[in-house]
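Shown here: model_6.pdb, PDB, C-alpha atoms.
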```pdb
MODEL        1
ATOM      1  CA  MET F1104      36.478  29.933  15.253
ATOM      2  CA  VAL F1105      38.166  31.812  12.399
ATOM      3  CA  PHE F1106      35.476  31.359   9.755
ATOM      4  CA  LEU F1107      32.264  31.383  11.826
ATOM      5  CA  GLY F1108      32.841  32.041  15.535
ATOM      6  CA  LEU F1109      34.641  35.388  15.519
ATOM      7  CA  PRO F1110      33.103  36.650  12.227
ATOM      8  CA  HIS F1111      29.551  36.484  13.581
ATOM      9  CA  GLY F1112      30.310  39.476  15.795
ATOM     10  CA  ALA F1113      32.536  41.169  13.241
ATOM     11  CA  VAL F1114      29.539  42.559  11.354
ATOM     12  CA  ASP F1115      28.069  44.424  14.358
ATOM     13  CA  HIS F1116      29.164  47.789  12.969
ATOM     14  CA  LEU F1117      27.070  47.147   9.849
ATOM     15  CA  MET F1118      23.943  45.571  11.312
ATOM     16  CA  ILE F1119      22.424  48.583  13.055
ATOM     17  CA  PRO F1120      22.770  50.972  10.079
ATOM     18  CA  LYS F1121      21.376  48.304   7.724
ATOM     19  CA  ALA F1122      18.420  47.655  10.044
ATOM     20  CA  ARG F1123      17.682  51.396  10.088
ATOM     21  CA  ASN F1124      18.012  51.626   6.291
ATOM     22  CA  GLU F1125      20.977  53.959   6.644
ATOM     23  CA  SER F1126      24.352  53.922   4.953
ATOM     24  CA  PHE F1127      27.386  52.952   6.976
ATOM     25  CA  SER F1128      29.363  56.071   7.865
ATOM     26  CA  VAL F1129      32.185  57.346  10.036
ATOM     27  CA  ARG F1130      29.567  58.492  12.550
ATOM     28  CA  TRP F1131      28.197  54.967  12.852
ATOM     29  CA  MET F1132      31.692  53.519  13.134
ATOM     30  CA  MET F1133      32.465  55.913  15.984
ATOM     31  CA  LYS F1134      29.247  55.006  17.794
ATOM     32  CA  ILE F1135      29.806  51.257  17.533
ATOM     33  CA  SER F1136      33.487  51.609  18.411
ATOM     34  CA  ALA F1137      32.589  53.637  21.497
ATOM     35  CA  VAL F1138      30.252  50.868  22.710
ATOM     36  CA  TYR F1139      32.954  48.242  22.209
ATOM     37  CA  LEU F1140      35.743  50.298  23.761
ATOM     38  CA  LEU F1141      33.756  51.335  26.826
ATOM     39  CA  LEU F1142      32.160  48.009  27.665
ATOM     40  CA  GLY F1143      34.973  45.771  26.425
ATOM     41  CA  THR F1144      37.679  47.672  28.308
ATOM     42  CA  SER F1145      35.587  47.779  31.487
ATOM     43  CA  TYR F1146      35.029  44.034  31.337
ATOM     44  CA  LEU F1147      38.721  43.360  30.692
ATOM     45  CA  LEU F1148      39.552  45.395  33.789
ATOM     46  CA  LEU F1149      37.143  43.228  35.776
ATOM     47  CA  TRP F1150      39.020  40.140  34.581
ATOM     48  CA  LEU F1151      42.251  41.700  35.815
ATOM     49  CA  ILE F1152      40.819  42.667  39.225
ATOM     50  CA  GLN F1153      38.225  39.972  39.997
ATOM     51  CA  PRO F1154      38.642  37.041  37.584
ATOM     52  CA  VAL F1155      36.285  34.699  39.460
ATOM     53  CA  LEU F1156      33.511  37.287  39.351
ATOM     54  CA  ALA F1157      34.326  37.988  35.694
ATOM     55  CA  PHE F1158      33.986  34.284  34.851
ATOM     56  CA  ALA F1159      30.646  34.060  36.663
ATOM     57  CA  LEU F1160      29.476  37.135  34.728
ATOM     58  CA  PHE F1161      30.632  35.490  31.502
ATOM     59  CA  ILE F1162      28.423  32.468  32.195
ATOM     60  CA  ALA F1163      25.466  34.729  33.012
ATOM     61  CA  ILE F1164      25.728  37.010  29.974
ATOM     62  CA  THR F1165      26.392  34.094  27.623
ATOM     63  CA  TRP F1166      23.355  32.269  29.026
ATOM     64  CA  PHE F1167      21.251  35.346  28.293
ATOM     65  CA  HIS F1168      22.760  36.077  24.877
ATOM     66  CA  TRP F1169      22.620  32.533  23.530
ATOM     67  CA  GLY F1170      18.979  32.342  24.619
ATOM     68  CA  GLU F1171      17.934  35.838  23.598
ATOM     69  CA  GLY F1172      19.678  35.519  20.240
ATOM     70  CA  GLU F1173      17.245  32.748  19.298
ATOM     71  CA  LEU F1174      14.113  34.912  19.523
ATOM     72  CA  TYR F1175      14.591  36.349  16.034
ATOM     73  CA  VAL F1176      14.974  32.832  14.632
ATOM     74  CA  VAL F1177      11.793  31.694  16.382
ATOM     75  CA  GLN F1178       9.926  34.629  14.890
ATOM     76  CA  GLN F1179      11.309  34.454  11.353
ATOM     77  CA  LEU F1180      12.034  30.764  10.727
ATOM     78  CA  PHE F1181       9.485  29.182  13.053
ATOM     79  CA  MET F1182       6.833  31.684  11.921
ATOM     80  CA  ASP F1183       5.852  32.593  15.486
ATOM     81  CA  LYS F1184       5.518  36.381  15.193
ATOM     82  CA  SER F1185       3.329  36.915  18.273
ATOM     83  CA  LEU F1186       5.706  35.948  21.072
ATOM     84  CA  THR F1187       4.372  36.894  24.499
ATOM     85  CA  GLY F1188       6.506  37.920  27.446
ATOM     86  CA  VAL F1189       6.119  34.513  29.070
ATOM     87  CA  GLN F1190       7.139  32.640  25.933
ATOM     88  CA  LYS F1191      10.124  34.924  25.334
ATOM     89  CA  THR F1192      11.305  34.381  28.908
ATOM     90  CA  LEU F1193      10.999  30.604  28.644
ATOM     91  CA  GLU F1194      12.757  30.565  25.268
ATOM     92  CA  VAL F1195      15.670  32.644  26.602
ATOM     93  CA  VAL F1196      16.036  30.627  29.811
ATOM     94  CA  LEU F1197      15.877  27.208  28.125
ATOM     95  CA  ARG F1198      17.930  27.938  25.015
ATOM     96  CA  GLY F1199      20.646  29.620  27.070
ATOM     97  CA  ALA F1200      20.610  27.027  29.852
ATOM     98  CA  ALA F1201      21.274  24.133  27.474
ATOM     99  CA  PRO F1202      24.897  25.115  26.644
ATOM    100  CA  MET F1203      25.635  26.897  29.929
ATOM    101  CA  ILE F1204      23.992  24.773  32.642
ATOM    102  CA  LEU F1205      23.514  21.240  31.308
ATOM    103  CA  PRO F1206      27.294  20.635  30.892
ATOM    104  CA  LEU F1207      27.725  21.560  34.560
ATOM    105  CA  ILE F1208      25.347  18.730  35.437
ATOM    106  CA  ALA F1209      26.757  16.128  33.053
ATOM    107  CA  PHE F1210      30.476  17.041  33.006
ATOM    108  CA  PRO F1211      31.389  19.075  36.131
ATOM    109  CA  GLU F1212      35.099  18.204  35.929
ATOM    110  CA  TYR F1213      35.437  19.559  32.393
ATOM    111  CA  TYR F1214      33.565  22.676  33.481
ATOM    112  CA  ARG F1215      35.873  23.117  36.474
ATOM    113  CA  LEU F1216      38.991  22.521  34.347
ATOM    114  CA  ILE F1217      38.170  25.362  31.952
ATOM    115  CA  ALA F1218      36.923  27.667  34.715
ATOM    116  CA  GLU F1219      40.149  27.274  36.699
ATOM    117  CA  ALA F1220      42.379  27.546  33.611
ATOM    118  CA  THR F1221      40.659  30.799  32.611
ATOM    119  CA  VAL F1222      40.699  32.339  36.079
ATOM    120  CA  ASN F1223      44.315  31.297  36.693
ATOM    121  CA  LEU F1224      45.419  33.367  33.700
ATOM    122  CA  PHE F1225      44.959  36.360  36.020
ATOM    123  CA  THR F1226      46.067  34.863  39.346
ATOM    124  CA  SER F1227      49.091  33.100  40.744
ATOM    125  CA  GLY F1228      47.900  29.917  39.103
ATOM    126  CA  ASN F1229      46.538  28.017  42.068
ATOM    127  CA  THR F1230      42.931  29.187  42.263
ATOM    128  CA  SER F1231      40.556  26.297  42.887
ATOM    129  CA  ILE F1232      36.888  26.535  41.937
ATOM    130  CA  ALA F1233      34.348  24.112  43.399
ATOM    131  CA  LEU F1234      31.752  23.384  40.736
ATOM    132  CA  SER F1235      30.641  19.867  41.617
ATOM    133  CA  LEU F1236      26.957  19.711  42.488
ATOM    134  CA  PRO F1237      25.405  17.092  44.767
ATOM    135  CA  ASN F1238      23.162  14.599  42.998
ATOM    136  CA  THR F1239      20.080  16.127  44.635
ATOM    137  CA  ALA F1240      20.885  19.552  43.193
ATOM    138  CA  LYS F1241      21.533  18.062  39.753
ATOM    139  CA  THR F1242      18.190  16.274  39.857
ATOM    140  CA  LEU F1243      16.356  19.431  40.910
ATOM    141  CA  ILE F1244      17.982  21.549  38.196
ATOM    142  CA  LEU F1245      17.313  18.985  35.480
ATOM    143  CA  THR F1246      13.728  18.528  36.675
ATOM    144  CA  ALA F1247      13.145  22.292  36.606
ATOM    145  CA  TYR F1248      14.648  22.460  33.120
ATOM    146  CA  ILE F1249      12.416  19.687  31.777
ATOM    147  CA  LEU F1250       9.362  21.171  33.468
ATOM    148  CA  ALA F1251      10.081  24.591  31.934
ATOM    149  CA  ALA F1252      10.427  22.944  28.511
ATOM    150  CA  LEU F1253       7.078  21.191  28.873
ATOM    151  CA  ILE F1254       5.430  24.443  29.978
ATOM    152  CA  LEU F1255       6.869  26.171  26.887
ATOM    153  CA  PHE F1256       5.568  23.442  24.576
ATOM    154  CA  VAL F1257       2.081  23.609  26.094
ATOM    155  CA  TYR F1258       2.166  27.405  25.993
ATOM    156  CA  ILE F1259       2.943  27.425  22.264
ATOM    157  CA  TYR F1260       0.305  24.783  21.570
ATOM    158  CA  ARG F1261      -2.459  26.529  23.503
ATOM    159  CA  GLY F1262      -1.339  30.095  22.832
ATOM    160  CA  SER F1263      -0.435  30.654  19.202
ATOM    161  CA  GLY F1264      -1.564  27.250  18.023
ATOM    162  CA  ASN F1265       1.332  27.391  15.548
ATOM    163  CA  SER F1266       2.117  23.769  14.719
ATOM    164  CA  LEU F1267       5.275  24.724  12.800
ATOM    165  CA  SER F1268       6.638  26.704  15.737
ATOM    166  CA  LEU F1269       5.762  23.907  18.150
ATOM    167  CA  LYS F1270       7.425  21.247  15.978
ATOM    168  CA  TYR F1271      10.636  23.244  15.503
ATOM    169  CA  THR F1272      10.817  24.340  19.143
ATOM    170  CA  VAL F1273      10.405  20.774  20.393
ATOM    171  CA  ALA F1274      13.094  19.652  17.925
ATOM    172  CA  ASP F1275      15.485  22.458  18.939
ATOM    173  CA  ILE F1276      15.135  21.965  22.691
ATOM    174  CA  SER F1277      15.348  18.158  22.395
ATOM    175  CA  ILE F1278      18.472  18.294  20.223
ATOM    176  CA  LEU F1279      20.200  20.810  22.494
ATOM    177  CA  THR F1280      19.317  18.873  25.639
ATOM    178  CA  LEU F1281      20.571  15.538  24.322
ATOM    179  CA  PHE F1282      23.670  17.134  22.805
ATOM    180  CA  PHE F1283      24.848  18.950  25.929
ATOM    181  CA  LEU F1284      24.076  16.048  28.259
ATOM    182  CA  THR F1285      26.136  13.591  26.223
ATOM    183  CA  VAL F1286      28.950  15.474  24.447
ATOM    184  CA  PRO F1287      31.923  16.742  26.530
ATOM    185  CA  PRO F1288      31.493  20.525  26.890
ATOM    186  CA  ILE F1289      34.777  21.671  25.319
ATOM    187  CA  LEU F1290      33.715  20.031  22.065
ATOM    188  CA  ALA F1291      29.986  20.656  22.512
ATOM    189  CA  ILE F1292      30.203  24.382  23.250
ATOM    190  CA  GLY F1293      32.796  24.908  20.535
ATOM    191  CA  LEU F1294      30.602  23.241  17.920
ATOM    192  CA  TYR F1295      27.460  24.980  19.171
ATOM    193  CA  PHE F1296      29.062  28.434  19.114
ATOM    194  CA  CYS F1297      30.385  28.077  15.568
ATOM    195  CA  LEU F1298      27.761  25.889  13.888
ATOM    196  CA  TRP F1299      24.545  26.897  15.663
ATOM    197  CA  HIS F1300      24.696  30.332  17.262
ATOM    198  CA  SER F1301      27.033  31.945  14.713
ATOM    199  CA  VAL F1302      25.294  30.447  11.678
ATOM    200  CA  ARG F1303      21.885  31.660  12.876
ATOM    201  CA  HIS F1304      23.348  35.112  13.499
ATOM    202  CA  ALA F1305      24.850  35.115   9.991
ATOM    203  CA  PHE F1306      21.395  34.246   8.664
ATOM    204  CA  ARG F1307      19.979  37.237  10.519
ATOM    205  CA  TYR F1308      22.633  39.508   9.055
ATOM    206  CA  SER F1309      21.936  38.168   5.566
ATOM    207  CA  MET F1310      18.243  39.019   5.886
ATOM    208  CA  LEU F1311      19.137  42.724   6.082
ATOM    209  CA  ASP F1312      20.267  42.940   2.418
ATOM    210  CA  ASN F1313      18.166  42.332  -0.676
ATOM    211  CA  GLU F1314      20.537  40.097  -2.660
ATOM    212  CA  PRO F1315      21.444  37.669   0.168
ATOM    213  CA  ARG F1316      17.834  37.611   1.384
ATOM    214  CA  GLU F1317      16.455  36.843  -2.068
ATOM    215  CA  GLY F1318      19.087  34.140  -2.512
ATOM    216  CA  LEU F1319      18.091  32.487   0.749
ATOM    217  CA  GLN F1320      14.423  32.683  -0.179
ATOM    218  CA  GLN F1321      15.264  30.856  -3.413
ATOM    219  CA  GLY F1322      17.358  28.237  -1.618
ATOM    220  CA  SER F1323      20.784  29.634  -2.556
ATOM    221  CA  VAL F1324      23.235  30.115   0.310
ATOM    222  CA  MET F1325      26.212  31.413  -1.692
ATOM    223  CA  PRO F1326      25.193  35.110  -2.072
ATOM    224  CA  ALA F1327      24.581  35.354   1.677
ATOM    225  CA  ALA F1328      27.770  33.468   2.566
ATOM    226  CA  ARG F1329      29.887  35.557   0.195
ATOM    227  CA  ARG F1330      28.565  38.860   1.542
ATOM    228  CA  PHE F1331      28.920  37.736   5.155
ATOM    229  CA  PHE F1332      32.533  36.598   4.809
ATOM    230  CA  ILE F1333      33.586  39.728   2.892
ATOM    231  CA  ASP F1334      31.911  42.086   5.359
ATOM    232  CA  SER F1335      33.221  40.281   8.440
ATOM    233  CA  ALA F1336      36.818  39.780   7.234
ATOM    234  CA  PRO F1337      38.357  43.113   8.386
ATOM    235  CA  LEU F1338      37.193  42.985  12.003
ATOM    236  CA  THR F1339      37.783  39.234  12.192
ATOM    237  CA  ALA F1340      41.416  39.995  11.388
ATOM    238  CA  VAL F1341      41.427  42.651  14.116
ATOM    239  CA  SER F1342      39.971  40.123  16.573
ATOM    240  CA  LEU F1343      42.724  37.640  15.757
ATOM    241  CA  VAL F1344      45.333  40.338  16.384
ATOM    242  CA  LEU F1345      43.667  41.077  19.727
ATOM    243  CA  LEU F1346      43.724  37.374  20.537
ATOM    244  CA  GLY F1347      47.459  37.250  19.834
ATOM    245  CA  GLY F1348      48.019  40.380  21.917
ATOM    246  CA  LEU F1349      46.060  38.926  24.817
ATOM    247  CA  TYR F1350      48.068  35.706  24.585
ATOM    248  CA  TYR F1351      51.301  37.707  24.732
ATOM    249  CA  PHE F1352      50.101  40.059  27.498
ATOM    250  CA  LEU F1353      49.018  37.207  29.780
ATOM    251  CA  SER F1354      52.212  35.210  29.162
ATOM    252  CA  VAL F1355      50.174  32.060  28.637
ATOM    253  CA  SER F1356      51.873  28.734  29.317
ATOM    254  CA  SER F1357      51.381  25.742  27.040
ATOM    255  CA  GLY F1358      48.360  23.523  27.414
ATOM    256  CA  LEU F1359      45.077  23.272  25.548
ATOM    257  CA  GLU F1360      43.005  24.460  28.514
ATOM    258  CA  ASN F1361      45.138  27.632  28.794
ATOM    259  CA  LEU F1362      44.699  28.405  25.094
ATOM    260  CA  ILE F1363      40.956  27.883  25.437
ATOM    261  CA  GLY F1364      41.020  30.194  28.465
ATOM    262  CA  VAL F1365      42.586  33.030  26.470
ATOM    263  CA  TYR F1366      40.013  32.542  23.728
ATOM    264  CA  LEU F1367      37.170  32.613  26.270
ATOM    265  CA  VAL F1368      38.442  35.863  27.775
ATOM    266  CA  LEU F1369      38.521  37.496  24.334
ATOM    267  CA  ILE F1370      35.043  36.165  23.535
ATOM    268  CA  ALA F1371      33.773  37.423  26.900
ATOM    269  CA  VAL F1372      35.198  40.906  26.357
ATOM    270  CA  LEU F1373      33.638  41.059  22.883
ATOM    271  CA  THR F1374      30.327  39.514  23.939
ATOM    272  CA  LEU F1375      29.255  42.223  26.399
ATOM    273  CA  PRO F1376      29.117  45.079  23.835
ATOM    274  CA  HIS F1377      27.824  42.598  21.242
ATOM    275  CA  ILE F1378      24.824  41.881  23.496
ATOM    276  CA  VAL F1379      24.015  45.575  23.846
ATOM    277  CA  LEU F1380      24.029  46.023  20.071
ATOM    278  CA  MET F1381      21.895  42.919  19.530
ATOM    279  CA  ILE F1382      19.279  44.209  21.979
ATOM    280  CA  TRP F1383      19.343  47.483  20.056
ATOM    281  CA  LEU F1384      18.834  45.522  16.827
ATOM    282  CA  ASP F1385      15.987  43.547  18.430
ATOM    283  CA  ARG F1386      14.185  46.756  19.306
ATOM    284  CA  ILE F1387      14.567  48.067  15.748
ATOM    285  CA  GLN F1388      13.229  44.821  14.266
ATOM    286  CA  GLY F1389      10.353  44.495  16.676
ATOM    287  CA  VAL F1390      11.549  41.439  18.615
ATOM    288  CA  TYR F1391      10.602  43.431  21.709
TER     289      TYR F1391
ENDMDL
END
```

Translate this structure into structure tokens?
Amino acid sequence: MVFLGLPHGAVDHLMIPKARNESFSVRWMMKISAVYLLLGTSYLLLWLIQPVLAFALFIAITWFHWGEGELYVVQQLFMDKSLTGVQKTLEVVLRGAAPMILPLIAFPEYYRLIAEATVNLFTSGNTSIALSLPNTAKTLILTAYILAALILFVYIYRGSGNSLSLKYTVADISILTLFFLTVPPILAIGLYFCLWHSVRHAFRYSMLDNEPREGLQQGSVMPAARRFFIDSAPLTAVSLVLLGGLYYFLSVSSGLENLIGVYLVLIAVLTLPHIVLMIWLDRIQGVY
């Protein structure tokens, strides 16, 4: 969380100027800060007023972001530069559904435990959330997921004919599916967020500067890692202070699920403006 999870969003204020070949300035800092303050504060208010709705929104926006955030990787690493609207939609739906929907099928009790712990931070502490799905619904959802994956594979094969993209996409989707159907979600989502989503985002950030990019092209990770950690350190520290403030403000009781709940609320509040900036970045870089 400290070295990869939170830092991946702590470079947002630098990414847009770099992508536009502009120097970071006070004007840019004010723009990015305004996005975070407006959207983050609004979302925090929603948690205070309607925590169940806020949690449902968190699942929805994370589903979208964790899927949409993969499009750049597909284009740059999988060498599939001509993504169509259909392929983009399937990529977003499948890659976001793996961490957000598959655990609900395989481990509904874990899902419910964290959902209730997070929501109860803002209620009297006795909110119950029914998340168990009947076996028929689970079968239908899993069938639709597998069918969508097969359609995506066929679409890549017959559309772009890019064997590299097809091979990597099949590997990605297969790994994610097996992982989230077998590993308990608290561990699975934590590992995925830090070691998959955040690392790929750090790669994207590193591709914006000459030295880190050239290092990666030559097989050296250190220049990119060094620049990323230095650039992300200040706002990572701010995020940790916010996490401590949120913990104090909500008067959190002991228990691992309650601590995870506080962390999820902070991540949710930071994710909404982060998504807006990433869509902005996607437009600059031609993902859309």

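With distances taken over all atoms listed in the file, F:Leu1207 is the one residue among F:Gln1321, F:Gly1389, F:Leu1207, F:Leu1298 lying closest to Thr1285 (chain F).
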
Could you build a table of the residues in region 1184-1228 of chain F lying no more than 9 Å from region 1145-1161 of chain F, giving for each the nearest pair of atoms and their separation in Å rounded to one decimal place, using only C-alpha atoms, ordered by chain and ascending residue number, as JSON lines?
```
{"residue": "F:Ala1218", "atom": "CA", "partner": "F:Phe1158", "partner_atom": "CA", "distance": 7.2}
{"residue": "F:Glu1219", "atom": "CA", "partner": "F:Val1155", "partner_atom": "CA", "distance": 8.8}
{"residue": "F:Thr1221", "atom": "CA", "partner": "F:Phe1158", "partner_atom": "CA", "distance": 7.9}
{"residue": "F:Val1222", "atom": "CA", "partner": "F:Pro1154", "partner_atom": "CA", "distance": 5.3}
{"residue": "F:Asn1223", "atom": "CA", "partner": "F:Pro1154", "partner_atom": "CA", "distance": 8.1}
{"residue": "F:Leu1224", "atom": "CA", "partner": "F:Pro1154", "partner_atom": "CA", "distance": 8.6}
{"residue": "F:Phe1225", "atom": "CA", "partner": "F:Leu1151", "partner_atom": "CA", "distance": 6.0}
{"residue": "F:Thr1226", "atom": "CA", "partner": "F:Pro1154", "partner_atom": "CA", "distance": 7.9}
```

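Once the PyMOL selection byres ((chain F and resi 1134-1139) around 8) is applied to the shown structure, the selection contains Asp1115, His1116, Arg1130, Trp1131, Met1132, Met1133, Leu1140, Leu1141, Leu1142, Gly1143, Thr1144, Leu1373, Pro1376 and His1377 of chain F.
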
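The interatomic distance for the pair CA of Gly1199 (chain F) and CA of Trp1169 (chain F) works out to 5.0 Å.
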
Using the chain letters and numbers from the file, which residues does the PyMOL selection byres ((chain F and resi 1200) around 9) grab, as number ranges by chain?
F: 1166-1167, 1169-1170, 1195-1199, 1201-1205, 1248

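Interatomic distance, CA of Ala1122 (chain F) to CA of Gln1320 (chain F): 18.6 Å.
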
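Comparing F:Lys1121, F:Ser1268, F:Thr1192, F:Ala1371 by their smallest distance to Ala1251 (chain F), the closest is F:Thr1192 (using only C-alpha atoms).
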
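Proximity to Ala1252 (chain F) was assessed for F:Phe1331, F:Tyr1175, F:Ser1185, F:Thr1280 counting all atoms listed in the file; the smallest distance is recorded for F:Thr1280.
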
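Residues matched by the PyMOL selection byres ((chain F and resi 1330) around 12) in this structure: Pro1110, Val1114, Leu1117, Ala1305, Phe1306, Tyr1308, Ser1309, Met1310, Leu1311, Asp1312, Asn1313, Glu1314, Pro1315, Arg1316, Gly1318, Val1324, Met1325, Pro1326, Ala1327, Ala1328, Arg1329, Phe1331, Phe1332, Ile1333, Asp1334, Ser1335 and Ala1336 of chain F.
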
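Here CA of Thr1339 (chain F) stands at a distance of 14.5 Å from CA of Val1372 (chain F).
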
Residues near Lys1241 (chain F), anyone? I mean within 10 Å using all atoms listed in the file, not counting same-chain ones fewer than 5 positions away, as a PyMOL selection string.
chain F and resi 1205+1207-1209+1235-1236+1246-1247

Using all atoms of region 1186-1194 of chain F that appear in the file, construct an axis-aligned enclosing box with 8 Å of padding on every side and provide its centre coordinates and edge lengths in Å, rounded to one decimal, as AutoDock Vina command-line options.
```
--center_x 8.6 --center_y 34.2 --center_z 25.1 --size_x 24.4 --size_y 23.4 --size_z 24.0
```

Please, could N, CA and C atoms be added to region 1177-1197 of chain F and the result written as a CSV table (one decimal), in the frame of the given file?
```
chain,number,residue,atom,x,y,z
F,1177,VAL,N,13.1,32.2,16.1
F,1177,VAL,CA,11.8,31.7,16.4
F,1177,VAL,C,10.7,32.5,15.6
F,1178,GLN,N,10.9,33.8,15.6
F,1178,GLN,CA,9.9,34.6,14.9
F,1178,GLN,C,10.0,34.4,13.4
F,1179,GLN,N,11.2,34.4,12.8
F,1179,GLN,CA,11.3,34.5,11.4
F,1179,GLN,C,11.3,33.1,10.7
F,1180,LEU,N,12.0,32.1,11.3
F,1180,LEU,CA,12.0,30.8,10.7
F,1180,LEU,C,10.9,29.8,11.2
F,1181,PHE,N,10.5,30.0,12.5
F,1181,PHE,CA,9.5,29.2,13.1
F,1181,PHE,C,8.1,29.8,12.9
F,1182,MET,N,8.1,31.0,12.3
F,1182,MET,CA,6.8,31.7,11.9
F,1182,MET,C,6.0,31.9,13.1
F,1183,ASP,N,6.6,32.3,14.3
F,1183,ASP,CA,5.9,32.6,15.5
F,1183,ASP,C,6.1,34.1,15.8
F,1184,LYS,N,5.3,34.9,15.1
F,1184,LYS,CA,5.5,36.4,15.2
F,1184,LYS,C,4.9,37.0,16.5
F,1185,SER,N,4.0,36.3,17.1
F,1185,SER,CA,3.3,36.9,18.3
F,1185,SER,C,3.8,36.3,19.6
F,1186,LEU,N,5.1,36.5,19.8
F,1186,LEU,CA,5.7,35.9,21.1
F,1186,LEU,C,5.3,36.8,22.3
F,1187,THR,N,4.7,36.2,23.3
F,1187,THR,CA,4.4,36.9,24.5
F,1187,THR,C,5.6,37.0,25.4
F,1188,GLY,N,5.4,37.8,26.5
F,1188,GLY,CA,6.5,37.9,27.4
F,1188,GLY,C,6.9,36.6,28.1
F,1189,VAL,N,5.9,35.8,28.4
F,1189,VAL,CA,6.1,34.5,29.1
F,1189,VAL,C,6.9,33.6,28.1
F,1190,GLN,N,6.5,33.5,26.9
F,1190,GLN,CA,7.1,32.6,25.9
F,1190,GLN,C,8.6,33.1,25.7
F,1191,LYS,N,8.8,34.4,25.5
F,1191,LYS,CA,10.1,34.9,25.3
F,1191,LYS,C,11.0,34.5,26.5
F,1192,THR,N,10.5,34.7,27.7
F,1192,THR,CA,11.3,34.4,28.9
F,1192,THR,C,11.7,32.9,28.9
F,1193,LEU,N,10.7,32.0,28.7
F,1193,LEU,CA,11.0,30.6,28.6
F,1193,LEU,C,12.0,30.2,27.5
F,1194,GLU,N,11.8,30.8,26.4
F,1194,GLU,CA,12.8,30.6,25.3
F,1194,GLU,C,14.2,31.0,25.7
F,1195,VAL,N,14.3,32.2,26.2
F,1195,VAL,CA,15.7,32.6,26.6
F,1195,VAL,C,16.3,31.7,27.7
F,1196,VAL,N,15.5,31.4,28.7
F,1196,VAL,CA,16.0,30.6,29.8
F,1196,VAL,C,16.5,29.2,29.3
F,1197,LEU,N,15.6,28.6,28.6
F,1197,LEU,CA,15.9,27.2,28.1
F,1197,LEU,C,17.0,27.1,27.1
```
